[in-house]
file entry-v3.txt (compact mmCIF, C-alpha atoms and all ligand atoms)
# COMPACT_ATOMS: atom_id res chain seq x y z
CA MET A 1 142.73 107.58 129.18
CA ARG A 2 141.90 105.13 131.96
CA TYR A 3 140.41 101.71 131.81
CA VAL A 4 138.83 99.45 134.36
CA ARG A 5 141.21 97.27 136.31
CA PHE A 6 139.59 94.65 138.45
CA GLY A 7 142.69 92.52 138.85
CA ALA A 8 146.43 92.64 138.95
CA LEU A 9 146.60 91.23 135.43
CA ALA A 10 144.84 94.09 133.72
CA VAL A 11 147.17 95.95 131.40
CA GLY A 12 145.51 96.63 128.09
CA PHE A 13 142.39 97.19 126.10
CA LEU A 14 140.01 95.53 123.68
CA CYS A 15 137.72 96.87 121.05
CA LEU A 16 134.33 95.52 120.31
CA THR A 17 130.59 95.91 120.01
CA ALA A 18 128.10 93.76 121.85
CA CYS A 19 126.74 92.58 118.53
CA THR A 20 129.01 93.75 115.76
CA ARG A 21 132.62 93.27 116.53
CA THR A 22 135.13 95.80 115.25
CA MET A 23 138.79 94.98 115.05
CA GLU A 24 141.39 97.66 115.06
CA ASN A 25 144.32 97.66 112.75
CA ALA A 26 144.64 93.91 112.44
CA SER A 27 147.11 94.25 109.58
CA SER A 28 149.80 95.58 111.89
CA VAL A 29 149.65 92.44 114.01
CA THR A 30 151.48 89.38 112.80
CA ASP A 31 150.15 86.46 114.82
CA LEU A 32 146.43 86.94 114.67
CA ALA A 33 144.03 84.00 114.69
CA GLU A 34 140.26 84.24 114.27
CA VAL A 35 137.51 81.68 114.50
CA SER A 36 133.78 82.10 114.04
CA VAL A 37 131.38 79.42 115.14
CA PHE A 38 127.64 79.08 115.38
CA ALA A 39 126.91 77.37 118.67
CA MET A 40 124.42 77.67 121.53
CA ASP A 41 122.04 79.41 119.18
CA THR A 42 124.43 82.28 118.59
CA TYR A 43 127.29 83.44 116.39
CA MET A 44 130.57 83.44 118.29
CA TYR A 45 133.71 85.25 117.17
CA LEU A 46 136.99 84.44 118.82
CA THR A 47 140.13 86.49 118.22
CA ALA A 48 143.54 85.77 119.72
CA TYR A 49 147.06 87.08 119.25
CA GLY A 50 150.49 85.54 119.64
CA SER A 51 152.32 82.42 118.55
CA ALA A 52 150.00 80.13 120.55
CA ALA A 53 146.83 81.74 119.19
CA GLU A 54 145.97 79.45 116.30
CA THR A 55 146.27 76.17 118.18
CA ALA A 56 144.53 77.64 121.21
CA LEU A 57 141.54 78.82 119.17
CA ALA A 58 141.23 75.45 117.43
CA GLN A 59 141.04 73.85 120.86
CA ALA A 60 138.58 76.48 122.03
CA GLU A 61 136.32 75.56 119.13
CA THR A 62 136.42 71.90 120.15
CA ARG A 63 135.65 72.88 123.72
CA ILE A 64 132.60 74.92 122.66
CA ALA A 65 131.25 71.90 120.76
CA GLU A 66 131.81 69.66 123.81
CA LEU A 67 129.94 72.03 126.10
CA GLU A 68 127.11 72.51 123.65
CA ASN A 69 126.77 68.73 123.42
CA LYS A 70 126.39 68.58 127.19
CA TRP A 71 124.05 71.51 127.66
CA SER A 72 121.81 71.55 124.59
CA VAL A 73 118.12 71.30 125.52
CA THR A 74 117.19 69.72 122.19
CA LEU A 75 120.07 67.30 121.53
CA GLU A 76 118.91 63.86 122.66
CA THR A 77 122.36 62.86 123.87
CA SER A 78 122.94 65.93 126.05
CA GLU A 79 123.04 65.83 129.83
CA ILE A 80 120.35 68.49 130.08
CA TYR A 81 118.12 66.39 127.80
CA ALA A 82 118.70 63.40 130.10
CA ILE A 83 117.68 65.48 133.13
CA ASN A 84 114.61 66.86 131.34
CA HIS A 85 113.43 63.40 130.31
CA SER A 86 114.22 61.60 133.56
CA LYS A 87 110.58 61.53 134.76
CA GLY A 88 111.66 62.38 138.28
CA THR A 89 114.39 59.78 138.62
CA PRO A 90 117.91 60.86 139.69
CA VAL A 91 120.40 61.44 136.85
CA SER A 92 124.17 61.36 137.15
CA VAL A 93 125.91 64.20 135.28
CA SER A 94 129.44 65.49 134.70
CA ASP A 95 131.14 67.85 137.17
CA GLU A 96 130.86 70.70 134.68
CA THR A 97 127.12 70.30 134.35
CA SER A 98 126.45 69.92 138.07
CA SER A 99 128.70 72.88 138.81
CA LEU A 100 126.89 75.11 136.31
CA LEU A 101 123.49 73.99 137.61
CA ARG A 102 124.52 74.59 141.21
CA PHE A 103 125.84 77.99 140.24
CA SER A 104 122.56 78.87 138.53
CA LEU A 105 120.52 77.74 141.57
CA ASP A 106 122.78 79.74 143.86
CA MET A 107 122.29 82.85 141.71
CA SER A 108 118.52 82.30 141.88
CA GLU A 109 118.80 82.52 145.66
CA GLN A 110 120.96 85.63 145.45
CA THR A 111 118.49 87.36 143.13
CA ASP A 112 115.31 86.44 145.01
CA GLY A 113 114.31 84.07 142.23
CA ALA A 114 114.61 86.60 139.37
CA LEU A 115 116.87 84.04 137.68
CA ASP A 116 115.12 80.72 137.26
CA CYS A 117 116.48 77.91 135.08
CA THR A 118 113.15 76.03 135.14
CA LEU A 119 111.20 78.41 132.91
CA TYR A 120 111.63 76.29 129.77
CA PRO A 121 108.01 75.00 129.69
CA VAL A 122 106.76 78.61 129.87
CA LEU A 123 109.29 79.85 127.30
CA SER A 124 108.09 77.16 124.92
CA ALA A 125 104.42 78.16 125.49
CA TRP A 126 105.43 81.60 124.17
CA GLY A 127 107.30 79.99 121.26
CA PHE A 128 110.68 81.40 122.30
CA THR A 129 112.25 77.95 122.10
CA THR A 130 111.19 77.36 118.48
CA GLY A 131 110.55 80.77 116.93
CA SER A 132 106.84 79.94 116.45
CA TYR A 133 105.80 82.87 118.59
CA GLN A 134 102.34 83.15 120.13
CA ILE A 135 100.61 84.70 123.10
CA PRO A 136 99.69 81.64 125.17
CA SER A 137 96.17 81.23 126.53
CA GLU A 138 95.73 81.77 130.26
CA THR A 139 95.00 78.07 130.69
CA LEU A 140 98.19 76.98 128.93
CA LEU A 141 100.25 79.55 130.79
CA ALA A 142 98.85 78.45 134.16
CA GLN A 143 99.49 74.80 133.33
CA ARG A 144 103.10 75.48 132.25
CA PHE A 145 103.70 77.85 135.11
CA ALA A 146 102.86 75.08 137.58
CA GLN A 147 105.82 73.13 136.13
CA THR A 148 108.39 75.74 137.20
CA GLY A 149 110.31 76.66 140.35
CA TYR A 150 114.07 76.43 140.78
CA GLU A 151 113.69 75.46 144.45
CA LYS A 152 112.23 72.10 143.33
CA VAL A 153 115.49 71.13 141.55
CA GLN A 154 117.79 68.93 143.59
CA CYS A 155 121.50 68.83 142.82
CA ASN A 156 123.54 66.72 145.23
CA GLY A 157 127.12 66.14 144.15
CA SER A 158 126.86 64.88 140.59
CA THR A 159 123.26 63.70 140.92
CA VAL A 160 120.38 65.82 139.69
CA THR A 161 116.73 65.12 140.46
CA LEU A 162 114.03 67.06 138.65
CA PRO A 163 110.31 66.51 139.33
CA GLU A 164 108.42 64.96 136.44
CA GLY A 165 107.03 67.52 133.98
CA MET A 166 109.69 70.11 134.76
CA GLN A 167 112.45 71.11 132.32
CA ILE A 168 115.61 73.12 132.84
CA ASP A 169 117.58 75.31 130.47
CA LEU A 170 120.85 76.94 131.47
CA GLY A 171 120.78 79.39 128.54
CA ALA A 172 120.86 82.45 130.79
CA VAL A 173 124.23 81.51 132.31
CA ALA A 174 125.85 79.00 129.96
CA LYS A 175 127.58 81.44 127.60
CA GLY A 176 129.10 83.33 130.51
CA TYR A 177 130.39 80.07 131.90
CA VAL A 178 131.77 79.05 128.50
CA GLY A 179 133.57 82.40 128.36
CA ASP A 180 135.18 81.70 131.73
CA LEU A 181 136.26 78.20 130.73
CA LEU A 182 137.67 79.35 127.38
CA ALA A 183 139.52 82.27 128.97
CA GLU A 184 141.02 79.92 131.54
CA GLN A 185 142.09 77.51 128.80
CA LEU A 186 143.64 80.27 126.68
CA ARG A 187 145.57 81.67 129.65
CA ALA A 188 146.89 78.19 130.44
CA GLN A 189 148.13 78.06 126.86
CA HIS A 190 150.01 81.34 127.37
CA VAL A 191 147.70 83.41 125.24
CA THR A 192 147.89 86.88 126.76
CA SER A 193 145.67 88.71 124.32
CA ALA A 194 142.30 87.49 123.14
CA LEU A 195 138.77 88.70 122.70
CA LEU A 196 135.90 86.25 122.92
CA ASP A 197 132.58 87.51 121.60
CA LEU A 198 129.98 84.92 122.47
CA GLY A 199 126.92 86.56 120.95
CA GLY A 200 126.94 89.78 122.93
CA ASN A 201 128.74 88.19 125.85
CA ILE A 202 132.23 89.59 125.75
CA GLN A 203 135.17 88.02 127.54
CA ALA A 204 138.54 89.71 127.35
CA VAL A 205 141.74 87.79 127.97
CA GLY A 206 144.71 89.98 128.79
CA THR A 207 145.11 93.06 126.67
CA LYS A 208 145.46 94.06 123.08
CA PRO A 209 148.98 93.25 121.87
CA ASP A 210 149.90 96.94 121.74
CA GLY A 211 148.93 97.36 125.38
CA SER A 212 145.85 99.45 124.67
CA ALA A 213 142.47 98.64 126.16
CA TRP A 214 139.68 96.95 124.33
CA ARG A 215 136.78 99.17 123.38
CA ILE A 216 133.46 97.45 123.92
CA GLY A 217 130.53 98.98 122.08
CA LEU A 218 127.17 98.89 123.86
CA ARG A 219 124.15 98.47 121.66
CA ASN A 220 121.32 100.92 121.70
CA PRO A 221 118.35 98.70 122.63
CA PHE A 222 116.11 100.78 120.36
CA SER A 223 118.17 100.49 117.17
CA GLU A 224 121.04 98.50 115.73
CA GLU A 225 123.55 101.20 116.64
CA THR A 226 126.26 101.43 119.27
CA PHE A 227 125.34 104.18 121.72
CA ALA A 228 128.36 104.04 124.02
CA VAL A 229 131.78 102.50 124.47
CA LEU A 230 133.40 100.91 127.52
CA GLU A 231 137.19 100.61 127.74
CA VAL A 232 138.14 97.54 129.69
CA ALA A 233 140.86 94.96 130.16
CA ASP A 234 140.66 91.36 131.33
CA LEU A 235 136.97 91.50 132.14
CA ALA A 236 133.62 90.15 131.04
CA VAL A 237 131.06 92.59 129.62
CA ILE A 238 127.66 90.94 129.30
CA THR A 239 124.38 92.42 128.11
CA SER A 240 120.79 91.21 128.34
CA GLY A 241 118.00 93.02 126.57
CA GLY A 242 114.47 92.55 125.36
CA TYR A 243 115.59 93.47 121.82
CA GLU A 244 117.62 90.27 121.49
CA ARG A 245 114.58 88.09 120.88
CA TYR A 246 111.01 89.33 120.70
CA PHE A 247 107.82 89.39 118.70
CA VAL A 248 104.93 91.77 118.27
CA GLY A 249 101.63 90.11 119.16
CA GLU A 250 98.29 90.54 117.39
CA ASP A 251 97.45 93.01 120.14
CA GLY A 252 100.34 95.23 118.98
CA GLU A 253 102.34 94.64 122.19
CA THR A 254 105.98 93.59 122.14
CA TYR A 255 106.80 90.36 123.95
CA TRP A 256 110.40 89.43 124.68
CA HIS A 257 112.35 86.39 125.77
CA ILE A 258 113.30 87.33 129.32
CA LEU A 259 110.45 86.26 131.57
CA ASP A 260 109.51 87.28 135.06
CA PRO A 261 109.52 84.01 137.02
CA GLU A 262 106.75 85.41 139.25
CA THR A 263 104.27 85.76 136.41
CA GLY A 264 105.55 83.77 133.42
CA GLN A 265 105.14 86.96 131.36
CA PRO A 266 107.92 88.95 129.66
CA ALA A 267 109.64 90.97 132.40
CA ARG A 268 108.52 94.61 132.31
CA SER A 269 110.69 96.24 134.89
CA GLY A 270 111.25 99.52 133.06
CA LEU A 271 114.64 98.42 131.69
CA ALA A 272 115.44 97.93 128.01
CA SER A 273 118.94 96.54 128.55
CA VAL A 274 121.33 95.66 131.34
CA THR A 275 125.11 95.38 130.89
CA ILE A 276 127.19 93.85 133.65
CA VAL A 277 130.97 94.24 133.89
CA GLY A 278 132.99 91.97 136.15
CA GLN A 279 135.67 89.34 136.42
CA GLU A 280 133.53 86.25 136.15
CA GLY A 281 131.56 85.75 132.95
CA ARG A 282 129.12 83.33 134.54
CA ARG A 283 128.24 85.78 137.30
CA CYS A 284 127.88 88.68 134.85
CA ASP A 285 125.64 86.53 132.64
CA ALA A 286 123.41 85.46 135.54
CA LEU A 287 123.20 89.03 136.81
CA SER A 288 122.42 90.60 133.43
CA THR A 289 119.36 88.39 133.03
CA ALA A 290 118.28 88.67 136.67
CA LEU A 291 118.68 92.45 136.95
CA PHE A 292 116.70 92.91 133.74
CA VAL A 293 113.85 91.18 135.58
CA MET A 294 114.42 93.03 138.87
CA GLY A 295 114.47 96.60 137.55
CA ARG A 296 116.57 99.61 138.50
CA GLU A 297 115.89 99.95 142.21
CA LYS A 298 116.54 96.33 143.08
CA ALA A 299 119.53 96.26 140.71
CA GLU A 300 121.06 99.22 142.54
CA ALA A 301 120.46 97.57 145.90
CA LEU A 302 122.15 94.38 144.73
CA TRP A 303 125.08 96.35 143.28
CA ARG A 304 125.62 98.09 146.64
CA GLN A 305 125.40 94.86 148.55
CA ALA A 306 127.55 92.72 146.20
CA GLY A 307 130.47 95.05 145.48
CA ASP A 308 132.00 92.82 142.79
CA PHE A 309 130.44 94.13 139.57
CA GLU A 310 129.59 97.33 137.73
CA MET A 311 126.62 97.92 135.45
CA VAL A 312 125.05 100.08 132.75
CA LEU A 313 121.25 100.20 132.73
CA VAL A 314 119.22 101.64 129.85
CA THR A 315 115.60 102.35 130.77
CA ASP A 316 112.72 101.90 128.38
CA THR A 317 112.47 105.68 128.16
CA GLY A 318 116.07 105.90 126.94
CA GLU A 319 117.85 107.05 130.10
CA VAL A 320 121.25 105.63 131.04
CA PHE A 321 122.30 104.78 134.59
CA LEU A 322 125.84 103.61 135.20
CA THR A 323 127.64 102.70 138.39
CA GLU A 324 130.49 104.88 139.56
CA GLY A 325 133.19 102.29 138.82
CA LEU A 326 132.57 102.81 135.10
CA GLU A 327 132.48 106.59 135.16
CA ASP A 328 135.97 107.06 133.71
CA VAL A 329 135.78 104.31 131.13
CA PHE A 330 132.33 104.94 129.68
CA SER A 331 131.73 107.35 126.82
CA LEU A 332 128.67 108.09 124.74
CA GLN A 333 129.08 107.98 120.98
CA GLN A 334 128.88 111.31 119.22
CA ASP A 335 125.33 110.80 117.94
CA TYR A 336 124.19 109.99 121.47
CA ALA A 337 125.93 112.83 123.27
CA ASP A 338 122.56 114.15 124.51
CA MET A 339 121.41 110.87 126.01
CA PRO A 340 120.44 111.54 129.66
CA THR A 341 123.06 109.81 131.80
CA GLU A 342 123.22 109.46 135.56
CA ILE A 343 125.96 107.97 137.73
CA ILE A 344 124.83 105.61 140.50
CA ARG A 345 127.00 106.21 143.56
CA ARG A 346 127.50 104.12 146.66
P1 LIG B 1 120.35 86.06 128.58
O1 LIG B 1 120.49 86.29 127.12
O2 LIG B 1 121.60 85.59 129.26
O3 LIG B 1 119.71 87.20 129.29
O4 LIG B 1 119.37 84.81 128.75
C1 LIG B 1 118.07 84.87 128.28
C2 LIG B 1 117.56 83.49 128.02
O5 LIG B 1 117.38 82.79 129.28
C3 LIG B 1 116.21 83.51 127.37
O6 LIG B 1 116.32 83.45 125.97
C4 LIG B 1 115.54 82.28 127.95
O7 LIG B 1 115.93 81.11 127.26
C5 LIG B 1 116.08 82.20 129.35
N1 LIG B 1 115.33 82.98 130.34
C6 LIG B 1 114.35 83.89 130.16
N2 LIG B 1 113.96 84.45 131.32
C7 LIG B 1 114.74 83.88 132.28
C8 LIG B 1 114.83 84.03 133.69
N3 LIG B 1 114.07 84.89 134.36
N4 LIG B 1 115.74 83.25 134.34
C9 LIG B 1 116.52 82.38 133.69
N5 LIG B 1 116.49 82.20 132.36
C10 LIG B 1 115.61 82.94 131.66
MG MG B 2 122.37 86.01 131.12

call {"tool": "encode", "arguments": {"input": "entry-v3.txt", "output": "structure tokens", "more": "lines below"}}
Ligand code: AMP
Ligand code: MG
result
Amino acid sequence: MRYVRFGALAVGFLCLTACTRTMENASSVTDLAEVSVFAMDTYMYLTAYGSAAETALAQAETRIAELENKWSVTLETSEIYAINHSKGTPVSVSDETSSLLRFSLDMSEQTDGALDCTLYPVLSAWGFTTGSYQIPSETLLAQRFAQTGYEKVQCNGSTVTLPEGMQIDLGAVAKGYVGDLLAEQLRAQHVTSALLDLGGNIQAVGTKPDGSAWRIGLRNPFSEETFAVLEVADLAVITSGGYERYFVGEDGETYWHILDPETGQPARSGLASVTIVGQEGRRCDALSTALFVMGREKAEALWRQAGDFEMVLVTDTGEVFLTEGLEDVFSLQQDYADMPTEIIRR
């Protein structure tokens, strides 16, 4: 069986589900360390093998806490909080924060604004920031919508200037970036086999200790089940979907947490979930959110143009479209063998 190799390092496999992680035969492995943390509004499960694993995961946990403290929207001491409450005055931030913000703004450009880190005021009008869900009135939506627009954010060196009334939230890219930073840290500590599950954002370091690939389960957006498996090594596998956070309004419609920055409404592009596979977690994370907004046609066009990622799209009518680079490593689960599947070719 083959697995995806994007880099020279790829040798093995990993096994996992976007939401429920499954570990294979852990008892046969001696040096196995596991950590689970609740951070960035999500449950994270970190698994690493080898003699350096335990210390490395303890440090990874500390690192997650540090990053959450910088990027939390609600923590009054965070750098994002300082930006959001700066009333238009310039704020000096750490290199990590300015680099993530710059990355997010750059990805907004690359996706024609489908990714927009300034939607927080609109997300909160819908209640997605608190869980007190509601369909906002047109007046409120229009008022909040006027406070958005990534092109109004200035980030020069380590100084960020945000117009008064606007608020940013890097939630659509932060976990991918955390995955990259943790993977880098683990590799520097000579960990050659680890699986980082950051709430559906999967980052694989090296291979499984036995040299086999990791199996990443993809969640059926219409149920809790895994509909397919991807076999990969040393890659990020990141999914965005409406099912992750949503509510049903009094009108019987379903409203989810990924918004179309052009309308301030939940993005209805015909996609139910988007999974991106690539080397950089941050890029996969940005793309999964953006392509969910953009829809299949634009996603395909971007895939052709970019050439550095692969994807699995599930439409809201239950069809699967996957790019040709995943053809040999993607398999439907037995119960889903009849799911209509099409390969997107260059
Ligand atoms: P993800 O799970 O990476 O797709 O990120 C989704 C989260 O990003 C949502 O829960 C919102 O907080 C925020 N968000 C929603 N729509 C967008 C968008 N179009 N661009 C950037 N962030 C968004
Ligand atoms: Mg994302």

call {"tool": "residues_near_ligand", "arguments": {"input": "entry-v3.txt", "ligand": "ligand LIG 1 (chain B)", "cutoff": "7 Å", "atoms": "only C-alpha atoms and all ligand atoms", "output": "VMD selection string"}}
result
chain A and resid 114 to 117 119 to 120 123 169 to 173 240 to 241 257 to 261 285 to 286 288 to 290 293

call {"tool": "closest_atom_pairs", "arguments": {"input": "entry-v3.txt", "of": "range 210-312 of chain A", "to": "range 127-149 of chain A", "cutoff": "10 Å", "atoms": "all atoms listed in the file", "output": "CSV"}}
result
residue,atom,partner,partner_atom,distance
A:Arg245,CA,A:Phe128,CA,7.9
A:Tyr246,CA,A:Phe128,CA,8.1
A:Phe247,CA,A:Tyr133,CA,6.8
A:Val248,CA,A:Tyr133,CA,8.9
A:Gly249,CA,A:Ile135,CA,6.8
A:Glu250,CA,A:Ile135,CA,8.5
A:Asp251,CA,A:Ile135,CA,9.4
A:Tyr255,CA,A:Ile135,CA,8.4
A:Trp256,CA,A:Phe128,CA,8.4
A:His257,CA,A:Phe128,CA,6.3
A:Ile258,CA,A:Phe128,CA,9.6
A:Pro261,CA,A:Gly149,CA,8.1
A:Glu262,CA,A:Phe145,CA,9.1
A:Thr263,CA,A:Phe145,CA,8.0
A:Gly264,CA,A:Phe145,CA,6.4
A:Gln265,CA,A:Leu141,CA,8.9

call {"tool": "atom_distance", "arguments": {"input": "entry-v3.txt", "atom1": "CA of Leu332 in chain A", "atom2": "CA of Gly318 in chain A"}}
result
13.0 Å

call {"tool": "residues_around", "arguments": {"input": "entry-v3.txt", "residues": "range 84-90 of chain A", "least_positions_apart": "6", "cutoff": "6 Å", "atoms": "only C-alpha atoms", "output": "list in words"}}
result
Val160, Thr161, Leu162, Pro163, Glu164 and Gln167 of chain A

call {"tool": "axis_aligned_box", "arguments": {"input": "entry-v3.txt", "around": "range 178-181 of chain A", "padding_each_side": "5 Å", "output": "JSON"}}
result
{"center_x": 134.0, "center_y": 80.3, "center_z": 130.0, "size_x": 14.5, "size_y": 14.2, "size_z": 13.4}

call {"tool": "atom_distance", "arguments": {"input": "entry-v3.txt", "atom1": "CA of Asn69 in chain A", "atom2": "CA of Asp41 in chain A"}}
result
12.4 Å

call {"tool": "atom_distance", "arguments": {"input": "entry-v3.txt", "atom1": "CA of Ser108 in chain A", "atom2": "CA of Leu287 in chain A"}}
result
9.6 Å

call {"tool": "residues_around", "arguments": {"input": "entry-v3.txt", "residues": "Val312 in chain A", "least_positions_apart": "4", "cutoff": "7 Å", "atoms": "all atoms listed in the file", "output": "compact mmCIF listing (two decimals) with C-alpha atoms, keeping the file's coordinate frame"}}
result
# COMPACT_ATOMS: atom_id res chain seq x y z
CA VAL A 274 121.33 95.66 131.34
CA THR A 275 125.11 95.38 130.89
CA ILE A 276 127.19 93.85 133.65
CA VAL A 320 121.25 105.63 131.04
CA PHE A 321 122.30 104.78 134.59
CA LEU A 322 125.84 103.61 135.20
CA THR A 323 127.64 102.70 138.39

call {"tool": "closest_residue", "arguments": {"input": "entry-v3.txt", "among": "A:Arg283, A:Lys70, A:Arg102, A:Arg268", "to": "ligand MG 2 (chain B)", "atoms": "all atoms listed in the file"}}
result
A:Arg283

call {"tool": "residues_near_point", "arguments": {"input": "entry-v3.txt", "point": "(131.7, 83.1, 133.2)", "cutoff": "8 Å", "atoms": "all atoms listed in the file", "output": "MDAnalysis selection string"}}
result
chainID A and resid 173:181 236 280:285

call {"tool": "closest_residue", "arguments": {"input": "entry-v3.txt", "among": "A:Thr239, A:Gln154, A:Ser269, A:Asn220", "to": "ligand MG 2 (chain B)", "atoms": "all atoms listed in the file"}}
result
A:Thr239

call {"tool": "closest_residue", "arguments": {"input": "entry-v3.txt", "among": "A:Thr226, A:Gln59, A:Ser72, A:Ser104", "to": "ligand MG 2 (chain B)", "atoms": "all atoms listed in the file"}}
result
A:Ser104

call {"tool": "closest_residue", "arguments": {"input": "entry-v3.txt", "among": "A:Leu186, A:Gln334, A:Leu105, A:Gln305", "to": "Lys152 in chain A", "atoms": "all atoms listed in the file"}}
result
A:Leu105

call {"tool": "residues_around", "arguments": {"input": "entry-v3.txt", "residues": "Glu66 in chain A", "least_positions_apart": "6", "cutoff": "12 Å", "atoms": "only C-alpha atoms", "output": "ChimeraX atom specification"}}
result
/A:39-40,59-60,72,77-79,94,96-97,178,181-182

call {"tool": "residues_around", "arguments": {"input": "entry-v3.txt", "residues": "Gly199 in chain A", "least_positions_apart": "4", "cutoff": "6 Å", "atoms": "all atoms listed in the file", "output": "ChimeraX atom specification"}}
result
/A:42-44

call {"tool": "closest_residue", "arguments": {"input": "entry-v3.txt", "among": "A:Val314, A:Met107, A:Leu302, A:Ala204", "to": "ligand MG 2 (chain B)", "atoms": "all atoms listed in the file"}}
result
A:Met107

call {"tool": "decode", "arguments": {"input": "entry-v3.txt", "residues": "range 36-52 of chain A", "atoms": "N, CA, C and O atoms", "output": "tab-separated table (two decimals), in the first residue's frame"}}
result
chain	number	residue	atom	x	y	z
A	36	SER	N	-3.32	14.87	26.97
A	36	SER	CA	-4.52	15.51	26.41
A	36	SER	C	-4.75	16.83	27.13
A	36	SER	O	-4.56	16.93	28.35
A	37	VAL	N	-5.04	17.84	26.36
A	37	VAL	CA	-5.21	19.18	26.90
A	37	VAL	C	-6.45	19.81	26.31
A	37	VAL	O	-6.75	19.57	25.13
A	38	PHE	N	-7.11	20.65	27.10
A	38	PHE	CA	-8.18	21.45	26.52
A	38	PHE	C	-7.61	22.85	26.37
A	38	PHE	O	-7.24	23.50	27.34
A	39	ALA	N	-7.47	23.28	25.14
A	39	ALA	CA	-6.92	24.62	24.88
A	39	ALA	C	-7.50	25.12	23.57
A	39	ALA	O	-7.89	24.32	22.72
A	40	MET	N	-7.53	26.44	23.41
A	40	MET	CA	-8.05	27.05	22.18
A	40	MET	C	-9.44	26.50	21.84
A	40	MET	O	-9.73	26.19	20.69
A	41	ASP	N	-10.21	26.33	22.89
A	41	ASP	CA	-11.60	25.90	22.72
A	41	ASP	C	-11.74	24.51	22.12
A	41	ASP	O	-12.73	24.21	21.46
A	42	THR	N	-10.74	23.67	22.32
A	42	THR	CA	-10.80	22.35	21.71
A	42	THR	C	-10.00	21.32	22.52
A	42	THR	O	-9.10	21.70	23.26
A	43	TYR	N	-10.40	20.06	22.39
A	43	TYR	CA	-9.62	19.01	23.04
A	43	TYR	C	-8.47	18.62	22.14
A	43	TYR	O	-8.67	18.34	20.96
A	44	MET	N	-7.27	18.59	22.69
A	44	MET	CA	-6.09	18.24	21.90
A	44	MET	C	-5.49	16.95	22.48
A	44	MET	O	-5.40	16.81	23.70
A	45	TYR	N	-5.10	16.05	21.60
A	45	TYR	CA	-4.49	14.80	22.02
A	45	TYR	C	-3.13	14.67	21.34
A	45	TYR	O	-3.06	14.68	20.10
A	46	LEU	N	-2.10	14.59	22.14
A	46	LEU	CA	-0.76	14.49	21.57
A	46	LEU	C	-0.19	13.12	21.90
A	46	LEU	O	-0.26	12.67	23.05
A	47	THR	N	0.36	12.44	20.92
A	47	THR	CA	0.96	11.13	21.14
A	47	THR	C	2.37	11.15	20.55
A	47	THR	O	2.54	11.62	19.42
A	48	ALA	N	3.34	10.66	21.30
A	48	ALA	CA	4.70	10.61	20.75
A	48	ALA	C	5.39	9.34	21.22
A	48	ALA	O	5.06	8.79	22.27
A	49	TYR	N	6.32	8.88	20.41
A	49	TYR	CA	7.06	7.65	20.72
A	49	TYR	C	8.55	7.94	20.86
A	49	TYR	O	9.05	8.91	20.30
A	50	GLY	N	9.22	7.08	21.59
A	50	GLY	CA	10.68	7.19	21.71
A	50	GLY	C	11.10	7.69	23.07
A	50	GLY	O	10.29	8.16	23.87
A	51	SER	N	12.41	7.63	23.32
A	51	SER	CA	12.91	7.96	24.65
A	51	SER	C	12.73	9.45	24.99
A	51	SER	O	12.65	9.82	26.15
A	52	ALA	N	12.66	10.29	23.95
A	52	ALA	CA	12.52	11.73	24.22
A	52	ALA	C	11.05	12.16	24.35
A	52	ALA	O	10.75	13.32	24.64
